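Have a look at the structure below, then the notes.
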Amino acid sequence: MNNSSIGGTRRKVTNGLAMAGLIIIFIAYMFPFIMVVINSLKEKRDIIKSPFSWLFTIKGLSFDNFVKAFTQMDFLNAFKNSLIVTVSSTVLVTLLAAMLAYYIVRHNNKISKITFALMVASMIIPFQAIMIPLVSIYGGTLNVLNHRITLIFMHTGFSMAMSVFMFHGFIKGNIPIALEEAAYIDGCTHRQTFFKIVFPLLKPIIATMVILNSLAFWNDYLLPSLVLTDKELLTLPLSTYSFYGTYSADYGTIMAGLLLCVIPILILYVVLQKQIIGGVVSGAVK
Amino acid sequence: MKGKSGGKDFCGFALPGMFCFFAVVILPFVYGVYLTLTDWNGVSSVKNFVGGANFLSVLKDSQFWTSLLLTFKYVIFVVIIVNIMAFAIAYLLTRGIKGQNFFRAGFFTPNLIGGLVLGYIWQFVFSRVFVGIGEATGWSLFEASWLSDPNLAFAALVLVSVWQLSGYMILIYVAGFMGLSQDVMEAASIDGATGWVKLRSIILPLMMSSITICLFLTLSRAFMVYDVNLSLTAGAPYGTTEMAAMHVYEKAFTSRQFGVGQAEALILFVIVAIISGIQVYLTKRQEVEA
Amino acid sequence: MKKTRLTRLIAVGVLSALIASAVTGCRFGFASDPDDPNEVEVAEPIDTSVDTFQYDPSLSGTTITLLNSKAEIQNALVEMGAEYEKKSGVHVEVMPVTDGDSPYTKVVSLYNSGNPPTMSILDTTDVIALAEEKAADLSDEPWLAEAEGYLTEINGKVYSFPLCIEGRGLIYNQTVIETALGEPFDPSSIRTLDDFVALLDRLVAAGIEKPVSMAKEDWSLGAHHLQYVYETYDGTSDGAAEIINEIKDGSLDLTTYDRMSQFLDMFDVLMAYNVARADPLGADYDEMAIDLVDGKTAIWFNGNWAWPNLADADAEETDQYGFLPYFMNNDPDDFVNFQIQASPSKQVMLDGVVATDKQLAAAKEFLNWIVYSEIGQQMLVKTCNIIPPFQNNPYEPADPLSRDIYNHVHDGTAFNASAIVPNDHWAILGAAMQKYLAGRSDRTELIASIEDYWAQQQ
């Protein structure tokens, strides 16, 4: 009795401390983002001279940066391009990676082992090392650059390794083989088993991978810049080029442009976060 | 899923993903390895086979080895701090505390800021905010910009990398914690396991696959740090914070020794492959299957 | 009840104001700001009524691409391309080199992708690296005659079109200096390093504690400062090439070379009066522009490309700014003490490998159009805000920095020397200069690293 109450107090204190620590770290994490939001509403001079000042103290709040970013980026068109590329690549890589990872986990054969080892190893290839060979092959030899579909294909290929790696870990750790065996006994084909039984159980990791991959595709700059040159096809990050000069950068517009670019991703994150929670596998094995 | 239809499974499940991967990653990589054996400069129409000449030049490039040593130091700091922080934060964020969704969204924001803006914001923090604190408090640590002192600039790089990478790892650890069966946790609590005991004997083993992934990702990303390096310090002050990946890029494109840069990239790759191979092997052994 | 209603009313009011301003692009400020109600930049009007340029009608319908590595003129180039298309029927697609890419990397990747731009705006070193392998020979183009002295020859041939002249030196704020001194300031009265130090001391006495700004960036230190050592040999590009060869083959000892020590004398002076003296590597580039405009400093080492930064810091085109030379000694007759460095910087190279004959002809016509047509001449100067290297171009740039360089060029008080150095010169020696600037190395160490660098370039 006595013991437990002491434990309880101590627990409360620990919890309180943890909470306080969390809040401090949280503020530190948020700080740069808040700075971007505040400064996106100011003009360059004020950004440089007094980046901390609150909105109303100097020249006042202004949406000029947003308007300028919106028009100079040809926002709607770039948004459409980014959307097509990101959605297609994300769907493709999620599906293919989940299937490949599932195959690798359940078939412990040579192909699985070699492929998986290659994939793990490939994740540490510096992109700069394959950049020039990549354009030589796809541009110089195959001549398929400057198409959205090429970019989608490449995004899928580049994120395959990490996605497989993540799915692999999750399937191995969280999907009991007993479920599938039960499904086979009930007469399901492999395909049906995968899509009806396994895939739904992957929800938490799918949600995570969708966020991570779409974030990477949405914000990627280097690969699209190598693949796309046609102005009509430019994605959002590529379309901010005009804010950067050789000797100066237009910080206010850059930050406004950044916010315009990331808002969709933030929304996606907030939506999917519920999926992660809703998809908890607890109770699946009973 | 074992049995006679293995070939069909392979075509249906494994092949499409493997095709994308091999076509986009492995093929250019192999071609890139071939290029290290030639004197191609990235532009000329002739490629002469020169054997190991480029690798010999790498041996002589002392700046590369210096940058590699610095990268090792950086990786150690970053991997340890990132994983401890991300693990602890993810743990707290899956305990059902008030406003945890809000917190999670906040910890996600470092992922949203990249490129030049990231560099600018943080440069500003180090050269103004910190100096401002220094002026107000008189602490010598904040007297001058961190970015103008080699050691502090290094610390700044670690700090920003921790900020950015842990935002990413929190996501993965959160997914891992969410995947933990609530039953197991409850059973553990009923059995009277608390605090460290629960952490060590129940949570850690079950989280091992997430830990493997996160260690691997932080390891490889830290080894190949480029964006943060370029936008925050660009090697400054006086070239003391130039890490391996940035050096490789500079060698290939600024110094225009394409073959040497490509060879250095390959060496960097092999080193990272060996180290993270060992890490994955070691942590995988700790994993338990559900 | 009443209170909530009021709150709601206010909220709605604020919200609609926010929306309205977002929609119309209006600014509302609590501090009044009369001179800045939207800041619509009024481009100088281009007179298109006269056009005697002979277009080749057979080229109509051709599409050519232009890779632009001078980001600040991206929009201007697009406008120029559109104007040219209207007249000639040739479509010019302007491709930017985006953030994070170097122009060279971009061109290399485009060549590898089999889709190189018809025209590329590049730095001179890039042209030299690529020309003989990839570029079209321009030696027979008519505009060569108009750009005398500004052409880059490679083994006797011209492969590139000089797009602009850029100059660098000590930018001064005339108003600030005059206010501080309490008398009119004539820049030509400063003819020696001692004169310059005396001027700085007077500024200090007048309350401008540390009157000089200098960037810590490696490109500024490694290229713009350090290259004076080569470029002041005799003030010509040939002379600079000669001195570099002598350093390379070891026949010239930098420790005893007078320009080397003179350069460091000047650099030491700048360091001593540097506004960021306490932490020179913590200096912020954008803040320097603001300091100069506000009068916290009076002098900033930079080039005429810094105008957009000054404009962002609220400088007006009618304000008085100009350049002082990089004083290196006390001989008033030494050209370095009264001449400003100004030379062609960006070059246009034409692809000679993949481009079709028609594309090549159209690209050549576009360059001729820039030089000879009334519209092209105007747009180069007014739309792109460039100092033209072509003698036949009658237009003058509008901003004070470019105008000052323009005047120096036309008065003969500019020297046209640009040292052609390897591409990593600014990065590697910029780092060595940073170390010197931070007080972490001395002259001996700095000179040794310069000599090391050149020794490795065999």
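For the structure tokens, the naming scheme is as follows: chains receive sequential letters (A, B, ...) according to their order of presentation, residues are indexed from 1 within each chain, and ligands are indexed from 1 in presentation order.
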Find the residues of chain A in contact range of chain C, meaning any atom within 10 Å when counting only C-alpha atoms, and list them as an mmCIF file with C-alpha atoms, in the first residue's frame.
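So the final result, stored in result.cif, reads:
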data_model
loop_
_atom_site.group_PDB
_atom_site.id
_atom_site.type_symbol
_atom_site.label_atom_id
_atom_site.label_comp_id
_atom_site.auth_asym_id
_atom_site.auth_seq_id
_atom_site.Cartn_x
_atom_site.Cartn_y
_atom_site.Cartn_z
ATOM 1 C CA GLU A 43 9.917 41.851 -46.966
ATOM 2 C CA LYS A 44 13.548 41.022 -47.434
ATOM 3 C CA ARG A 45 15.015 43.978 -45.623
ATOM 4 C CA ASP A 46 13.007 43.250 -42.507
ATOM 5 C CA ILE A 47 13.831 39.562 -42.707
ATOM 6 C CA ILE A 48 17.509 40.337 -42.606
ATOM 7 C CA LYS A 49 17.452 43.205 -40.174
ATOM 8 C CA LEU A 55 4.504 40.706 -37.900
ATOM 9 C CA PHE A 56 3.165 44.109 -37.106
ATOM 10 C CA THR A 57 6.140 45.938 -35.731
ATOM 11 C CA ILE A 58 8.025 47.004 -38.792
ATOM 12 C CA LYS A 59 6.381 47.496 -42.120
ATOM 13 C CA GLY A 60 3.403 45.404 -41.438
ATOM 14 C CA LEU A 61 2.056 42.141 -42.556
ATOM 15 C CA SER A 62 2.159 41.486 -46.237
ATOM 16 C CA PHE A 63 1.029 38.713 -48.486
ATOM 17 C CA ASP A 64 3.103 40.030 -51.359
ATOM 18 C CA ASN A 65 5.567 37.190 -51.029
ATOM 19 C CA PHE A 66 2.810 34.652 -51.413
ATOM 20 C CA VAL A 67 1.304 36.383 -54.396
ATOM 21 C CA LYS A 68 4.700 36.720 -56.013
ATOM 22 C CA GLN A 72 6.229 33.305 -60.540
ATOM 23 C CA MET A 131 23.809 10.953 -61.571
ATOM 24 C CA ILE A 132 25.892 11.238 -64.739
ATOM 25 C CA PRO A 133 25.691 7.522 -65.682
ATOM 26 C CA LEU A 134 21.930 7.729 -65.172
ATOM 27 C CA VAL A 135 21.434 10.598 -67.604
ATOM 28 C CA SER A 136 23.856 9.011 -70.065
ATOM 29 C CA ILE A 137 21.816 5.832 -70.151
ATOM 30 C CA TYR A 138 18.321 7.293 -70.122
ATOM 31 C CA GLY A 139 19.098 10.409 -72.116
ATOM 32 C CA GLY A 140 22.033 9.581 -74.333
ATOM 33 C CA THR A 141 21.182 5.969 -75.128
ATOM 34 C CA LEU A 142 17.450 5.490 -74.616
ATOM 35 C CA ASN A 143 16.433 9.117 -75.145
ATOM 36 C CA VAL A 144 13.416 8.974 -72.830
ATOM 37 C CA LEU A 145 14.119 12.018 -70.663
ATOM 38 C CA ASN A 146 11.671 14.890 -70.422
ATOM 39 C CA TYR A 221 14.860 18.634 -56.554
ATOM 40 C CA LEU A 222 17.915 16.922 -57.975
ATOM 41 C CA SER A 225 16.075 18.674 -62.487
ATOM 42 C CA LEU A 226 18.004 16.025 -64.387
ATOM 43 C CA VAL A 227 14.966 14.462 -66.016
ATOM 44 C CA THR A 229 13.690 20.447 -68.754
ATOM 45 C CA ASP A 230 10.429 21.287 -70.470
ATOM 46 C CA LYS A 231 8.882 24.220 -68.637
ATOM 47 C CA PRO A 237 10.591 22.636 -56.197
ATOM 48 C CA LEU A 238 11.942 23.199 -59.716
ATOM 49 C CA SER A 239 9.640 26.110 -60.272
ATOM 50 C CA THR A 240 11.149 28.131 -57.433
ATOM 51 C CA TYR A 241 14.359 28.605 -59.424
ATOM 52 C CA SER A 242 13.694 32.241 -60.172
ATOM 53 C CA PHE A 243 13.926 33.190 -56.488
ATOM 54 C CA TYR A 244 17.593 32.359 -56.332
ATOM 55 C CA GLY A 245 20.091 34.726 -57.884
ATOM 56 C CA THR A 246 23.795 34.177 -58.319
ATOM 57 C CA TYR A 247 24.634 36.656 -55.606
ATOM 58 C CA SER A 248 21.370 37.100 -53.806
ATOM 59 C CA ALA A 249 18.341 35.144 -52.835
ATOM 60 C CA ASP A 250 14.826 36.441 -52.456
#
**OP:** Using only C-alpha atoms, determine which residues of chain B fall within 10 Å of chain C; present them as a PyMOL selection string.
**Re:** chain B and resi 41-45+115-116+123-124+126-128+131+143-149+227+230-231+234-240+250-256
Write the selection just made, keeping N, CA and C atoms, as a CSV table (one decimal), in the first residue's frame?
chain,number,residue,atom,x,y,z
B,41,ASN,N,36.2,12.6,-68.7
B,41,ASN,CA,36.1,13.8,-67.8
B,41,ASN,C,34.6,14.3,-67.7
B,42,GLY,N,33.7,13.5,-68.2
B,42,GLY,CA,32.3,13.9,-68.1
B,42,GLY,C,31.8,14.5,-69.4
B,43,VAL,N,32.7,15.0,-70.2
B,43,VAL,CA,32.3,15.7,-71.4
B,43,VAL,C,32.9,15.1,-72.7
B,44,SER,N,34.1,14.7,-72.7
B,44,SER,CA,34.8,14.3,-74.0
B,44,SER,C,34.1,13.1,-74.6
B,45,SER,N,34.3,12.9,-75.9
B,45,SER,CA,33.6,11.8,-76.6
B,45,SER,C,34.4,10.5,-76.5
B,115,GLY,N,17.0,22.3,-48.4
B,115,GLY,CA,17.7,23.2,-49.4
B,115,GLY,C,18.2,24.4,-48.7
B,116,LEU,N,18.2,25.5,-49.5
B,116,LEU,CA,18.8,26.7,-49.2
B,116,LEU,C,18.1,27.4,-47.9
B,123,GLN,N,21.8,29.2,-40.3
B,123,GLN,CA,22.9,30.1,-40.3
B,123,GLN,C,22.5,31.3,-39.4
B,124,PHE,N,21.3,31.7,-39.6
B,124,PHE,CA,20.7,32.8,-38.9
B,124,PHE,C,20.7,32.5,-37.4
B,126,PHE,N,22.6,30.4,-35.7
B,126,PHE,CA,24.0,30.4,-35.2
B,126,PHE,C,24.7,31.7,-35.2
B,127,SER,N,24.4,32.5,-36.2
B,127,SER,CA,25.2,33.8,-36.2
B,127,SER,C,24.4,35.0,-35.6
B,128,ARG,N,23.1,34.8,-35.4
B,128,ARG,CA,22.4,35.9,-34.7
B,128,ARG,C,21.9,35.5,-33.4
B,131,VAL,N,24.6,34.5,-31.0
B,131,VAL,CA,25.4,35.7,-30.6
B,131,VAL,C,24.6,36.7,-29.7
B,143,GLU,N,29.8,33.9,-27.8
B,143,GLU,CA,30.4,35.2,-28.1
B,143,GLU,C,30.4,35.5,-29.6
B,144,ALA,N,30.9,34.5,-30.4
B,144,ALA,CA,30.9,34.7,-31.9
B,144,ALA,C,30.1,33.6,-32.5
B,145,SER,N,29.9,33.8,-33.8
B,145,SER,CA,29.1,32.8,-34.6
B,145,SER,C,29.8,31.4,-34.5
B,146,TRP,N,29.0,30.4,-34.2
B,146,TRP,CA,29.5,29.1,-34.2
B,146,TRP,C,30.1,28.7,-35.5
B,147,LEU,N,29.6,29.3,-36.6
B,147,LEU,CA,30.1,28.9,-37.9
B,147,LEU,C,31.4,29.4,-38.3
B,148,SER,N,32.0,30.3,-37.4
B,148,SER,CA,33.3,30.8,-37.8
B,148,SER,C,34.4,30.1,-37.0
B,149,ASP,N,34.1,29.1,-36.1
B,149,ASP,CA,35.1,28.3,-35.4
B,149,ASP,C,35.0,26.9,-35.9
B,227,ASP,N,23.5,17.8,-48.3
B,227,ASP,CA,22.6,19.0,-48.3
B,227,ASP,C,22.9,19.9,-47.2
B,230,LEU,N,26.4,21.4,-47.3
B,230,LEU,CA,26.5,22.4,-48.3
B,230,LEU,C,25.7,23.7,-47.9
B,231,SER,N,24.5,23.6,-47.4
B,231,SER,CA,23.7,24.8,-47.2
B,231,SER,C,24.1,25.4,-45.9
B,234,ALA,N,29.0,24.8,-46.1
B,234,ALA,CA,29.7,24.7,-47.3
B,234,ALA,C,31.2,24.5,-47.1
B,235,GLY,N,31.6,23.8,-46.0
B,235,GLY,CA,33.0,23.6,-45.8
B,235,GLY,C,33.6,24.6,-44.9
B,236,ALA,N,33.0,25.8,-44.7
B,236,ALA,CA,33.6,26.8,-43.9
B,236,ALA,C,33.6,26.5,-42.5
B,237,PRO,N,34.4,27.1,-41.6
B,237,PRO,CA,35.4,28.0,-42.0
B,237,PRO,C,36.6,27.3,-42.6
B,238,TYR,N,37.2,28.0,-43.5
B,238,TYR,CA,38.3,27.5,-44.3
B,238,TYR,C,38.5,26.0,-44.5
B,239,GLY,N,37.4,25.4,-45.0
B,239,GLY,CA,37.5,24.0,-45.5
B,239,GLY,C,37.5,23.0,-44.4
B,240,THR,N,37.3,23.4,-43.1
B,240,THR,CA,37.4,22.5,-42.0
B,240,THR,C,36.2,21.6,-41.8
B,250,GLU,N,32.7,18.0,-55.0
B,250,GLU,CA,33.5,19.1,-55.4
B,250,GLU,C,34.7,18.6,-56.3
B,251,LYS,N,35.2,17.4,-56.0
B,251,LYS,CA,36.2,16.9,-56.8
B,251,LYS,C,35.8,16.6,-58.2
B,252,ALA,N,34.6,16.0,-58.4
B,252,ALA,CA,34.1,15.7,-59.7
B,252,ALA,C,33.7,16.9,-60.5
B,253,PHE,N,33.1,17.9,-59.8
B,253,PHE,CA,32.5,18.9,-60.6
B,253,PHE,C,33.2,20.3,-60.5
B,254,THR,N,33.7,20.6,-59.3
B,254,THR,CA,34.4,21.9,-59.1
B,254,THR,C,35.8,21.8,-59.6
B,255,SER,N,36.5,20.7,-59.1
B,255,SER,CA,37.9,20.5,-59.6
B,255,SER,C,37.9,19.8,-60.9
B,256,ARG,N,36.8,19.3,-61.4
B,256,ARG,CA,36.6,18.7,-62.7
B,256,ARG,C,37.5,17.5,-62.9
Quick one: residues within 9 Å of region 82-86 of chain C, only C-alpha atoms counted, chain neighbours fewer than 3 positions away excluded, as a short mmCIF file (atom, residue, chain, number, x, y, z; two decimals) with N, CA and C atoms, in the first residue's frame?
data_model
loop_
_atom_site.label_atom_id
_atom_site.label_comp_id
_atom_site.auth_asym_id
_atom_site.auth_seq_id
_atom_site.Cartn_x
_atom_site.Cartn_y
_atom_site.Cartn_z
N SER C 60 12.10 30.83 -89.59
CA SER C 60 10.85 30.89 -88.83
C SER C 60 10.34 29.49 -88.53
N LEU C 77 15.41 37.51 -69.85
CA LEU C 77 15.74 36.72 -71.03
C LEU C 77 14.49 36.12 -71.67
N VAL C 78 13.56 35.71 -70.81
CA VAL C 78 12.31 35.17 -71.34
C VAL C 78 11.59 36.24 -72.16
N GLU C 79 11.57 37.45 -71.61
CA GLU C 79 10.95 38.57 -72.35
C GLU C 79 11.66 38.82 -73.67
N GLY C 89 9.99 34.67 -85.66
CA GLY C 89 9.33 33.37 -85.75
C GLY C 89 10.15 32.25 -85.13
N VAL C 90 11.33 32.60 -84.58
CA VAL C 90 12.16 31.57 -83.94
C VAL C 90 11.77 31.51 -82.47
N HIS C 91 11.49 30.31 -81.98
CA HIS C 91 11.10 30.18 -80.57
C HIS C 91 12.34 29.94 -79.71
N VAL C 92 12.53 30.81 -78.71
CA VAL C 92 13.68 30.66 -77.80
C VAL C 92 13.18 30.17 -76.45
N PHE C 366 20.09 35.20 -83.44
CA PHE C 366 19.67 35.76 -82.15
C PHE C 366 20.78 36.62 -81.55
N TRP C 369 21.07 39.72 -83.44
CA TRP C 369 19.92 40.56 -83.11
C TRP C 369 20.19 41.36 -81.83
N ILE C 375 15.94 46.88 -81.11
CA ILE C 375 15.22 46.30 -79.97
C ILE C 375 16.17 45.49 -79.09
N GLY C 376 16.98 44.66 -79.73
CA GLY C 376 17.92 43.83 -78.98
C GLY C 376 18.87 44.67 -78.13
#
Give me the residues near region 56-68 of chain B as a PDB file with N, CA and C atoms, in the first residue's frame, where near means some atom within 7 Å (using only C-alpha atoms) and where sequence neighbours in that chain fewer than 4 positions away do not count.
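Writing done, so here's part-v5.pdb:
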ATOM      1  N   GLY B  52      43.747   1.476 -62.824  1.00  0.00           N
ATOM      2  CA  GLY B  52      43.583   1.973 -61.449  1.00  0.00           C
ATOM      3  C   GLY B  52      44.124   3.375 -61.234  1.00  0.00           C
ATOM      4  N   PHE B  72      33.579  10.250 -40.164  1.00  0.00           N
ATOM      5  CA  PHE B  72      33.449   9.212 -39.139  1.00  0.00           C
ATOM      6  C   PHE B  72      33.044   9.821 -37.800  1.00  0.00           C
ATOM      7  N   GLU B 242      34.377  20.165 -44.387  1.00  0.00           N
ATOM      8  CA  GLU B 242      34.006  19.498 -45.633  1.00  0.00           C
ATOM      9  C   GLU B 242      33.963  17.983 -45.403  1.00  0.00           C
ATOM     10  N   MET B 243      32.761  17.408 -45.525  1.00  0.00           N
ATOM     11  CA  MET B 243      32.619  15.967 -45.312  1.00  0.00           C
ATOM     12  C   MET B 243      32.844  15.215 -46.622  1.00  0.00           C
ATOM     13  N   ALA B 244      32.882  13.893 -46.502  1.00  0.00           N
ATOM     14  CA  ALA B 244      33.282  13.067 -47.638  1.00  0.00           C
ATOM     15  C   ALA B 244      32.413  13.294 -48.881  1.00  0.00           C
ATOM     16  N   HIS B 247      33.068  16.521 -50.521  1.00  0.00           N
ATOM     17  CA  HIS B 247      34.377  16.519 -51.163  1.00  0.00           C
ATOM     18  C   HIS B 247      34.319  15.790 -52.509  1.00  0.00           C
ATOM     19  N   VAL B 260      38.326  10.727 -60.742  1.00  0.00           N
ATOM     20  CA  VAL B 260      38.791  10.649 -59.360  1.00  0.00           C
ATOM     21  C   VAL B 260      37.599  10.787 -58.406  1.00  0.00           C
ATOM     22  N   GLU B 264      36.330   8.103 -55.731  1.00  0.00           N
ATOM     23  CA  GLU B 264      36.172   8.406 -54.311  1.00  0.00           C
ATOM     24  C   GLU B 264      34.765   8.035 -53.836  1.00  0.00           C
TER      25      GLU B 264
END
Original post:
Excluding same-chain residues fewer than 2 positions from Met349 (chain C), what lies within 12 Å of it counting only C-alpha atoms, as number ranges by chain?
Top reply: C: 65-69, 107, 116-138, 152, 158-163, 346-347, 351-353, 360, 363-364, 367
Keeping only C-alpha atoms, write the selected residues as a tab-separated table (two decimals), in the first residue's frame.
chain	number	residue	atom	x	y	z
C	65	THR	CA	17.14	26.56	-76.30
C	66	LEU	CA	19.14	28.89	-74.09
C	67	LEU	CA	20.61	27.67	-70.82
C	68	ASN	CA	20.81	30.58	-68.43
C	69	SER	CA	23.23	30.55	-65.52
C	107	VAL	CA	25.75	21.51	-69.10
C	116	PRO	CA	22.28	19.96	-74.92
C	117	PRO	CA	21.03	23.55	-75.13
C	118	THR	CA	21.62	25.35	-78.43
C	119	MET	CA	23.08	28.26	-76.49
C	120	SER	CA	24.53	28.24	-72.98
C	121	ILE	CA	25.42	31.20	-70.82
C	122	LEU	CA	28.57	30.14	-69.00
C	123	ASP	CA	31.57	31.50	-67.14
C	124	THR	CA	34.74	31.94	-69.14
C	125	THR	CA	36.49	28.98	-67.47
C	126	ASP	CA	33.59	26.73	-68.43
C	127	VAL	CA	33.79	27.86	-72.03
C	128	ILE	CA	37.49	27.11	-72.11
C	129	ALA	CA	36.87	23.65	-70.67
C	130	LEU	CA	34.16	22.76	-73.16
C	131	ALA	CA	34.75	24.81	-76.29
C	132	GLU	CA	37.05	22.71	-78.41
C	133	GLU	CA	35.09	19.56	-77.69
C	134	LYS	CA	31.53	20.88	-78.03
C	135	ALA	CA	31.20	24.46	-79.21
C	136	ALA	CA	30.48	25.95	-82.60
C	137	ASP	CA	33.18	28.19	-84.06
C	138	LEU	CA	32.06	31.82	-84.02
C	152	THR	CA	38.05	35.08	-75.49
C	158	VAL	CA	36.44	32.51	-80.87
C	159	TYR	CA	33.85	30.15	-79.43
C	160	SER	CA	31.83	32.47	-77.25
C	161	PHE	CA	29.82	35.65	-77.25
C	162	PRO	CA	30.60	38.08	-74.41
C	163	LEU	CA	27.25	38.90	-72.85
C	346	LYS	CA	29.34	35.66	-68.77
C	347	GLN	CA	29.77	34.13	-72.22
C	351	ASP	CA	26.44	23.91	-79.35
C	352	GLY	CA	28.34	22.56	-82.33
C	353	VAL	CA	27.61	18.87	-81.81
C	360	LEU	CA	22.70	27.02	-85.30
C	363	ALA	CA	21.11	31.00	-82.60
C	364	LYS	CA	23.65	33.04	-84.53
C	367	LEU	CA	23.15	36.88	-81.07
**OP:** Mind checking which residues fall within 9 Å of Tyr102 (chain A), counting only C-alpha atoms, ignoring those fewer than 6 positions away in the same chain, and posting them as a list in words?
**Re:**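 Listing them by chain and then by number gives Val164, Phe167, His168, Ile171, Lys172, Phe194 and Val198 of chain A; Phe13 and Ala14 of chain B.
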Selection to disk with N, CA and C atoms, as an mmCIF file, in the first residue's frame:
data_model
loop_
_atom_site.group_PDB
_atom_site.id
_atom_site.type_symbol
_atom_site.label_atom_id
_atom_site.label_comp_id
_atom_site.auth_asym_id
_atom_site.auth_seq_id
_atom_site.Cartn_x
_atom_site.Cartn_y
_atom_site.Cartn_z
ATOM 1 N N VAL A 164 11.232 -1.482 -49.639
ATOM 2 C CA VAL A 164 11.277 -2.926 -49.426
ATOM 3 C C VAL A 164 11.871 -3.222 -48.053
ATOM 4 N N PHE A 167 9.214 -2.470 -45.422
ATOM 5 C CA PHE A 167 8.132 -3.460 -45.444
ATOM 6 C C PHE A 167 8.646 -4.807 -44.935
ATOM 7 N N HIS A 168 9.830 -5.138 -45.365
ATOM 8 C CA HIS A 168 10.450 -6.393 -44.959
ATOM 9 C C HIS A 168 10.506 -6.487 -43.427
ATOM 10 N N ILE A 171 6.859 -6.777 -41.999
ATOM 11 C CA ILE A 171 6.200 -8.071 -42.250
ATOM 12 C C ILE A 171 6.820 -9.142 -41.365
ATOM 13 N N LYS A 172 8.136 -9.128 -41.308
ATOM 14 C CA LYS A 172 8.843 -10.114 -40.517
ATOM 15 C C LYS A 172 8.471 -9.991 -39.040
ATOM 16 N N PHE A 194 -2.619 -12.278 -50.191
ATOM 17 C CA PHE A 194 -1.834 -11.057 -50.018
ATOM 18 C C PHE A 194 -2.732 -9.823 -49.924
ATOM 19 N N VAL A 198 -2.990 -9.933 -45.944
ATOM 20 C CA VAL A 198 -1.727 -9.310 -45.544
ATOM 21 C C VAL A 198 -1.746 -7.796 -45.717
ATOM 22 N N PHE B 13 4.908 -11.223 -57.852
ATOM 23 C CA PHE B 13 5.193 -10.414 -56.672
ATOM 24 C C PHE B 13 6.531 -9.688 -56.736
ATOM 25 N N ALA B 14 7.572 -10.412 -57.165
ATOM 26 C CA ALA B 14 8.912 -9.851 -57.025
ATOM 27 C C ALA B 14 9.388 -9.097 -58.262
#
Original post:
Can you tell me, as number ranges by chain, what residues are no more than 12 Å from Val270 (chain B) when counting only C-alpha atoms, ignoring any on the same chain fewer than 2 positions away?
Top reply: A: 121-126; B: 33, 220, 223, 263-268, 272-277
Original post:
Could you state the separation of CA of Ser89 (chain A) and CA of Phe153 (chain A) in Å, given to one decimal place?
Top reply: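 Calculated distance between CA of Ser89 (chain A) and CA of Phe153 (chain A) is 7.2 Å.
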**OP:** Check the DSSP output for the backbone and give back, as a count of residues only, the residues of region 96-277 of chain A in helix (DSSP H, G or I).
**Re:** 147
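Minimum distance to Gly114 (chain B) across A:Met154, A:Leu258, A:Leu96, A:Ala69 (counting only C-alpha atoms) occurs at A:Leu258.
Distance annotation: of B:Met178, B:Cys214, B:Leu199, B:Leu152, the residue with the minimal separation from chain A is B:Met178; atom set is only C-alpha atoms.
Each of C:Leu270, C:Ala147, C:Ala342, C:Leu203 was compared to Gly235 (chain C) using only C-alpha atoms, and C:Ala342 turns out to be the nearest.
Separating CA of Leu35 (chain B) from CA of Ile149 (chain A) is a distance of 27.5 Å.
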Original post:
Which one of A:Leu17, A:Thr189, A:His147, A:Trp218 sits closest to Lys8 (chain B) if you count only C-alpha atoms?
Top reply: A:Thr189
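The residue that comes closest to chain A, out of B:Leu206, B:Ile133, B:Cys20, B:Leu15 and on the basis of only C-alpha atoms, is B:Cys20.
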Original post:
In Å, with one decimal, what is the gap from CA of Leu264 (chain C) to CA of Asn329 (chain C)?
Top reply: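 Separating CA of Leu264 (chain C) from CA of Asn329 (chain C) is a distance of 10.4 Å.
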**OP:** Could you give me, as a ChimeraX atom specification, each residue of region 211-327 of chain C that DSSP assigns to strand (DSSP E or B) when run on this structure's backbone?
**Re:** /C:212-213,274,299-303,321-324
